[in-house]
Amino acid sequence: MTRVAVPAVSGPLARPRDTRRCVLRGSALGTTWSVVAQLPGDMGPGRLQDAVEATLAAVDAEMSGWRAESELSRFNRAQAGSWHPLSAGHFAVVQAALDIAAATEGAFDPCLGAAADRWGFGPSGPVTCPPAACPPAACPPVAILPDWQRLRLRPADRALLQPGGVCLDLSAIGKGHAVDRVCLALQRLGLASMLVEIGGEVRGEGVKPDGGPWWVALEVPPGLPGERAADRRTVVALHGHAVATSGDYRRHFVHDGVRFGHVLDPRRGAPARTDLAAVSVIHRGCMAADAHATALASLPSGEALALADRLGLAALLQLRDGRSEVSRAFAAML
């Protein structure tokens, strides 16, 4: 049976009139993106394409861990005690990341760059075995994980302190931020009805010409036991809301029959060993949905559900045994 989740809206939404549907796709930020939008009659798709590509290029220049000259990479190489001015978007993401880290008591940690790289999910590229199992010549020594609580922000000039040895990794919040930023760029062009997706993170704004919301089916991790995937389908109505999904089925490697996924447990600096296959979070903003989904996916299901309820998050938890759990806020949308 298909579950249908409908978030509440604050008021009536105007149907777009005298518009035409435009669908664009591309690649950026190490993944793919797509935009479906209702364009006014006097706007060509080229203007939309230019706005999307310029926005994503700016995000990449700010927060890419793979570009040596990005703001983030330069910060990671910087000397202890140095302050670094950030662009407005980058500063807002770091500020949000630290707020979410505090709210989740470290379940979301934006300072796992060194650990992610050691486990093959960073700029150094993939590995075929856990670091501890590699011969010494093939694996770097285990580094002390940087602590997000050591970071300091200076809002007056949007600067970030490098306390020494901190290696930022904003990949668990950056795609969601990029989705929000593309939506804002398109709204500034005058668009009111759109569905923006980057690497599986999605935000819908406005309604379609028929008055219906943007319907999105949540991902079901492959290979779960029990009922067919079609019987576990969950469809979400996105009108002024976003949804993000985190799980280790997307990026992982297998060694000696054990799967090691890219979702890290900040307490161990290693892939999370949890009974969760995937977590989806519905939120007003995609950046917040992205970060919170990652935080919950790093925990055992009981802890994740308790955290989601404490924070009022609308979360769907898909367990490896084929069962699913929903938070109170998610249940209220069904």
# chains A, B, ... in the order shown; residues from 1 in each chain; ligands from 1

$ residues_around --residues "A:Ala103" --least-positions-apart "5" --cutoff "9 Å" --atoms "only C-alpha atoms" --output "ChimeraX atom specification"
/A:98,108,311

$ write_last_selection --atoms "N, CA and C atoms" --output "short mmCIF file (atom, residue, chain, number, x, y, z; two decimals), in the first residue's frame"
data_model
loop_
_atom_site.label_atom_id
_atom_site.label_comp_id
_atom_site.auth_asym_id
_atom_site.auth_seq_id
_atom_site.Cartn_x
_atom_site.Cartn_y
_atom_site.Cartn_z
N LEU A 98 26.82 24.21 12.20
CA LEU A 98 27.17 24.22 13.62
C LEU A 98 25.92 24.23 14.49
N PHE A 108 25.21 15.14 13.76
CA PHE A 108 25.65 15.77 12.51
C PHE A 108 26.95 16.49 12.81
N LEU A 311 13.25 16.90 18.09
CA LEU A 311 13.46 18.08 17.26
C LEU A 311 12.25 18.43 16.40
#

$ residues_around --residues "A:Ala92" --least-positions-apart "3" --cutoff "12 Å" --atoms "only C-alpha atoms" --output "JSON, numbers by chain"
{"A": [59, 62, 63, 86, 87, 88, 89, 95, 96, 97, 98, 99, 153, 154, 155, 158, 159, 160, 170, 173, 174, 177, 178, 181, 287, 288]}

$ closest_atom_pairs --of "stretch 212-299 of chain A" --to "stretch 116-121 of chain A" --cutoff "9 Å" --atoms "only C-alpha atoms" --output "tab-separated table"
residue	atom	partner	partner_atom	distance
A:Arg251	CA	A:Phe121	CA	8.1
A:His252	CA	A:Phe121	CA	8.4
A:Phe253	CA	A:Gly120	CA	8.8
A:Phe260	CA	A:Trp119	CA	8.5
A:Gly261	CA	A:Phe121	CA	8.9
A:His262	CA	A:Phe121	CA	6.3
A:Val263	CA	A:Ala116	CA	8.8
A:Leu264	CA	A:Ala116	CA	7.5
A:Gly269	CA	A:Ala116	CA	7.9
A:Ala270	CA	A:Trp119	CA	7.3
A:Pro271	CA	A:Trp119	CA	8.0

$ atom_distance --atom1 "atom CA of A:Val179" --atom2 "atom CA of A:Gly285"
8.8 Å

$ closest_residue --among "A:Leu191, A:Val235, A:Ala80, A:Cys129" --to "A:Cys22" --atoms "only C-alpha atoms"
A:Leu191

$ closest_residue --among "A:Gly322, A:Gly122, A:Pro213, A:Gly204" --to "A:Gly30" --atoms "only C-alpha atoms"
A:Gly122

$ atom_distance --atom1 "atom CA of A:Pro221" --atom2 "atom CA of A:Ala278"
6.8 Å

$ atom_distance --atom1 "atom CA of A:Gly199" --atom2 "atom CA of A:Leu317"
19.5 Å

$ residues_around --residues "A:Ala244" --least-positions-apart "5" --cutoff "6 Å" --atoms "only C-alpha atoms" --output "PyMOL selection string"
chain A and resi 201+280-281+289-290

$ select_by_dssp --residues "stretch 100-244 of chain A" --states "alpha helix (DSSP H)" --output "VMD selection string"
chain A and resid 100 to 103 113 to 118 171 to 188

$ write_last_selection --atoms "N, CA, C and O atoms" --output "compact mmCIF listing (two decimals), in the first residue's frame"
# COMPACT_ATOMS: atom_id res chain seq x y z
N ILE A 100 23.04 22.84 13.70
CA ILE A 100 22.46 21.50 13.65
C ILE A 100 23.33 20.51 14.41
O ILE A 100 22.83 19.59 15.06
N ALA A 101 24.66 20.69 14.37
CA ALA A 101 25.55 19.84 15.16
C ALA A 101 25.21 19.97 16.64
O ALA A 101 25.17 18.96 17.37
N ALA A 102 24.99 21.19 17.10
CA ALA A 102 24.65 21.40 18.51
C ALA A 102 23.29 20.80 18.84
O ALA A 102 23.13 20.13 19.87
N ALA A 103 22.30 21.01 17.97
CA ALA A 103 20.94 20.51 18.23
C ALA A 103 20.90 18.98 18.25
O ALA A 103 20.11 18.39 18.99
N GLY A 113 35.92 15.65 7.52
CA GLY A 113 36.62 15.55 6.25
C GLY A 113 37.77 14.57 6.25
O GLY A 113 37.94 13.79 5.31
N ALA A 114 38.58 14.58 7.31
CA ALA A 114 39.72 13.66 7.37
C ALA A 114 39.26 12.21 7.46
O ALA A 114 39.81 11.32 6.80
N ALA A 115 38.22 11.97 8.26
CA ALA A 115 37.72 10.60 8.40
C ALA A 115 37.10 10.11 7.09
O ALA A 115 37.31 8.97 6.66
N ALA A 116 36.32 10.98 6.43
CA ALA A 116 35.70 10.59 5.16
C ALA A 116 36.77 10.24 4.13
O ALA A 116 36.64 9.28 3.37
N ASP A 117 37.85 11.02 4.11
CA ASP A 117 38.93 10.76 3.15
C ASP A 117 39.64 9.45 3.45
O ASP A 117 39.96 8.68 2.54
N ARG A 118 39.87 9.17 4.74
CA ARG A 118 40.52 7.92 5.12
C ARG A 118 39.70 6.71 4.68
O ARG A 118 40.25 5.67 4.32
N SER A 171 29.60 18.09 2.49
CA SER A 171 28.85 17.34 1.49
C SER A 171 27.50 16.85 2.01
O SER A 171 26.59 16.60 1.22
N ALA A 172 27.35 16.72 3.33
CA ALA A 172 26.09 16.25 3.90
C ALA A 172 25.08 17.35 4.12
O ALA A 172 23.99 17.09 4.62
N ILE A 173 25.44 18.57 3.75
CA ILE A 173 24.52 19.70 3.87
C ILE A 173 24.56 20.57 2.62
O ILE A 173 23.61 21.29 2.32
N GLY A 174 25.64 20.43 1.85
CA GLY A 174 25.86 21.30 0.70
C GLY A 174 24.88 21.10 -0.44
O GLY A 174 24.46 22.06 -1.09
N LYS A 175 24.51 19.83 -0.74
CA LYS A 175 23.56 19.61 -1.83
C LYS A 175 22.21 20.22 -1.49
O LYS A 175 21.56 20.83 -2.35
N GLY A 176 21.79 20.05 -0.23
CA GLY A 176 20.53 20.66 0.17
C GLY A 176 20.57 22.17 0.06
O GLY A 176 19.61 22.80 -0.39
N HIS A 177 21.69 22.76 0.47
CA HIS A 177 21.86 24.20 0.33
C HIS A 177 21.79 24.61 -1.14
O HIS A 177 21.17 25.63 -1.48
N ALA A 178 22.41 23.83 -2.01
CA ALA A 178 22.40 24.15 -3.44
C ALA A 178 20.98 24.13 -3.99
O ALA A 178 20.60 24.97 -4.81
N VAL A 179 20.18 23.15 -3.54
CA VAL A 179 18.77 23.10 -3.96
C VAL A 179 18.04 24.38 -3.55
O VAL A 179 17.35 25.02 -4.35
N ASP A 180 18.20 24.77 -2.28
CA ASP A 180 17.55 26.00 -1.79
C ASP A 180 18.03 27.21 -2.58
O ASP A 180 17.24 28.11 -2.90
N ARG A 181 19.31 27.24 -2.89
CA ARG A 181 19.89 28.40 -3.57
C ARG A 181 19.40 28.50 -5.01
O ARG A 181 19.16 29.60 -5.53
N VAL A 182 19.25 27.36 -5.67
CA VAL A 182 18.70 27.37 -7.03
C VAL A 182 17.25 27.84 -6.99
O VAL A 182 16.83 28.66 -7.84
N CYS A 183 16.48 27.36 -6.04
CA CYS A 183 15.08 27.82 -5.91
C CYS A 183 15.02 29.33 -5.73
O CYS A 183 14.21 30.02 -6.37
N LEU A 184 15.89 29.87 -4.88
CA LEU A 184 15.90 31.31 -4.65
C LEU A 184 16.28 32.07 -5.93
O LEU A 184 15.68 33.10 -6.25
N ALA A 185 17.26 31.56 -6.65
CA ALA A 185 17.68 32.21 -7.90
C ALA A 185 16.54 32.24 -8.91
O ALA A 185 16.33 33.25 -9.61
N LEU A 186 15.77 31.15 -8.98
CA LEU A 186 14.66 31.10 -9.94
C LEU A 186 13.50 31.97 -9.48
O LEU A 186 12.81 32.59 -10.31
N GLN A 187 13.28 32.04 -8.17
CA GLN A 187 12.25 32.94 -7.67
C GLN A 187 12.59 34.39 -7.98
O GLN A 187 11.72 35.21 -8.28
N ARG A 188 13.87 34.73 -7.94
CA ARG A 188 14.29 36.09 -8.27
C ARG A 188 14.07 36.41 -9.74
O ARG A 188 13.97 37.58 -10.12

$ residues_around --residues "A:Leu299" --least-positions-apart "5" --cutoff "12 Å" --atoms "only C-alpha atoms" --output "ChimeraX atom specification"
/A:104-108,246-247,263-268,271-279,292-294,304-308,317,319

$ select_by_dssp --residues "stretch 61-283 of chain A" --states "strand (DSSP E or B)" --output "PyMOL selection string"
chain A and resi 82-85+152-154+159-162+194-198+201-205+214-217+234-238+241-246+252-255+258-261+264-265+270-271+276-283

$ write_last_selection --atoms "C-alpha atoms" --output "mmCIF file, in the first residue's frame"
data_model
loop_
_atom_site.group_PDB
_atom_site.id
_atom_site.type_symbol
_atom_site.label_atom_id
_atom_site.label_comp_id
_atom_site.auth_asym_id
_atom_site.auth_seq_id
_atom_site.Cartn_x
_atom_site.Cartn_y
_atom_site.Cartn_z
ATOM 1 C CA SER A 82 44.033 32.037 11.039
ATOM 2 C CA TRP A 83 40.721 33.696 10.183
ATOM 3 C CA HIS A 84 39.146 33.214 6.746
ATOM 4 C CA PRO A 85 36.490 35.431 5.153
ATOM 5 C CA ARG A 152 34.526 30.012 15.757
ATOM 6 C CA LEU A 153 32.478 32.333 13.556
ATOM 7 C CA ARG A 154 32.875 36.097 13.308
ATOM 8 C CA ALA A 159 34.967 34.985 8.908
ATOM 9 C CA LEU A 160 35.732 31.456 10.165
ATOM 10 C CA LEU A 161 38.578 30.543 12.516
ATOM 11 C CA GLN A 162 40.828 27.604 11.658
ATOM 12 C CA MET A 194 9.142 24.663 -9.720
ATOM 13 C CA LEU A 195 10.620 21.338 -8.645
ATOM 14 C CA VAL A 196 14.403 21.380 -8.119
ATOM 15 C CA GLU A 197 16.423 18.181 -7.585
ATOM 16 C CA ILE A 198 20.163 17.739 -7.023
ATOM 17 C CA GLU A 201 17.505 15.977 -2.706
ATOM 18 C CA VAL A 202 14.323 17.736 -3.808
ATOM 19 C CA ARG A 203 12.359 20.920 -3.136
ATOM 20 C CA GLY A 204 9.020 21.934 -4.598
ATOM 21 C CA GLU A 205 7.648 25.467 -4.731
ATOM 22 C CA TRP A 214 4.651 18.484 -6.894
ATOM 23 C CA TRP A 215 4.467 14.764 -6.086
ATOM 24 C CA VAL A 216 7.722 12.987 -5.229
ATOM 25 C CA ALA A 217 8.187 9.290 -4.438
ATOM 26 C CA THR A 234 5.757 6.681 0.092
ATOM 27 C CA VAL A 235 4.709 9.700 -1.948
ATOM 28 C CA VAL A 236 5.138 13.263 -0.641
ATOM 29 C CA ALA A 237 3.336 16.426 -1.733
ATOM 30 C CA LEU A 238 5.915 19.195 -2.023
ATOM 31 C CA HIS A 241 8.698 21.893 1.288
ATOM 32 C CA ALA A 242 11.778 19.785 0.599
ATOM 33 C CA VAL A 243 12.744 16.173 1.190
ATOM 34 C CA ALA A 244 16.210 14.636 1.534
ATOM 35 C CA THR A 245 17.216 10.991 1.909
ATOM 36 C CA SER A 246 20.413 9.590 3.421
ATOM 37 C CA HIS A 252 29.838 2.146 -0.165
ATOM 38 C CA PHE A 253 32.453 -0.545 -0.606
ATOM 39 C CA VAL A 254 32.435 -4.197 0.454
ATOM 40 C CA HIS A 255 35.376 -5.885 2.185
ATOM 41 C CA VAL A 258 30.983 -6.413 5.097
ATOM 42 C CA ARG A 259 29.565 -3.232 3.582
ATOM 43 C CA PHE A 260 31.098 0.080 4.626
ATOM 44 C CA GLY A 261 28.937 3.075 3.731
ATOM 45 C CA LEU A 264 29.900 8.139 9.176
ATOM 46 C CA ASP A 265 29.345 7.778 12.890
ATOM 47 C CA ALA A 270 34.036 5.398 10.795
ATOM 48 C CA PRO A 271 31.056 4.139 8.767
ATOM 49 C CA LEU A 276 18.881 1.846 9.322
ATOM 50 C CA ALA A 277 19.047 1.436 5.550
ATOM 51 C CA ALA A 278 17.795 4.948 4.774
ATOM 52 C CA VAL A 279 16.266 8.019 6.392
ATOM 53 C CA SER A 280 14.108 10.626 4.637
ATOM 54 C CA VAL A 281 13.319 13.987 6.229
ATOM 55 C CA ILE A 282 10.686 16.490 5.082
ATOM 56 C CA HIS A 283 11.440 20.106 5.979
#

$ closest_residue --among "A:Arg150, A:His90, A:Arg74, A:Arg20" --to "A:Gln38" --atoms "only C-alpha atoms"
A:Arg20
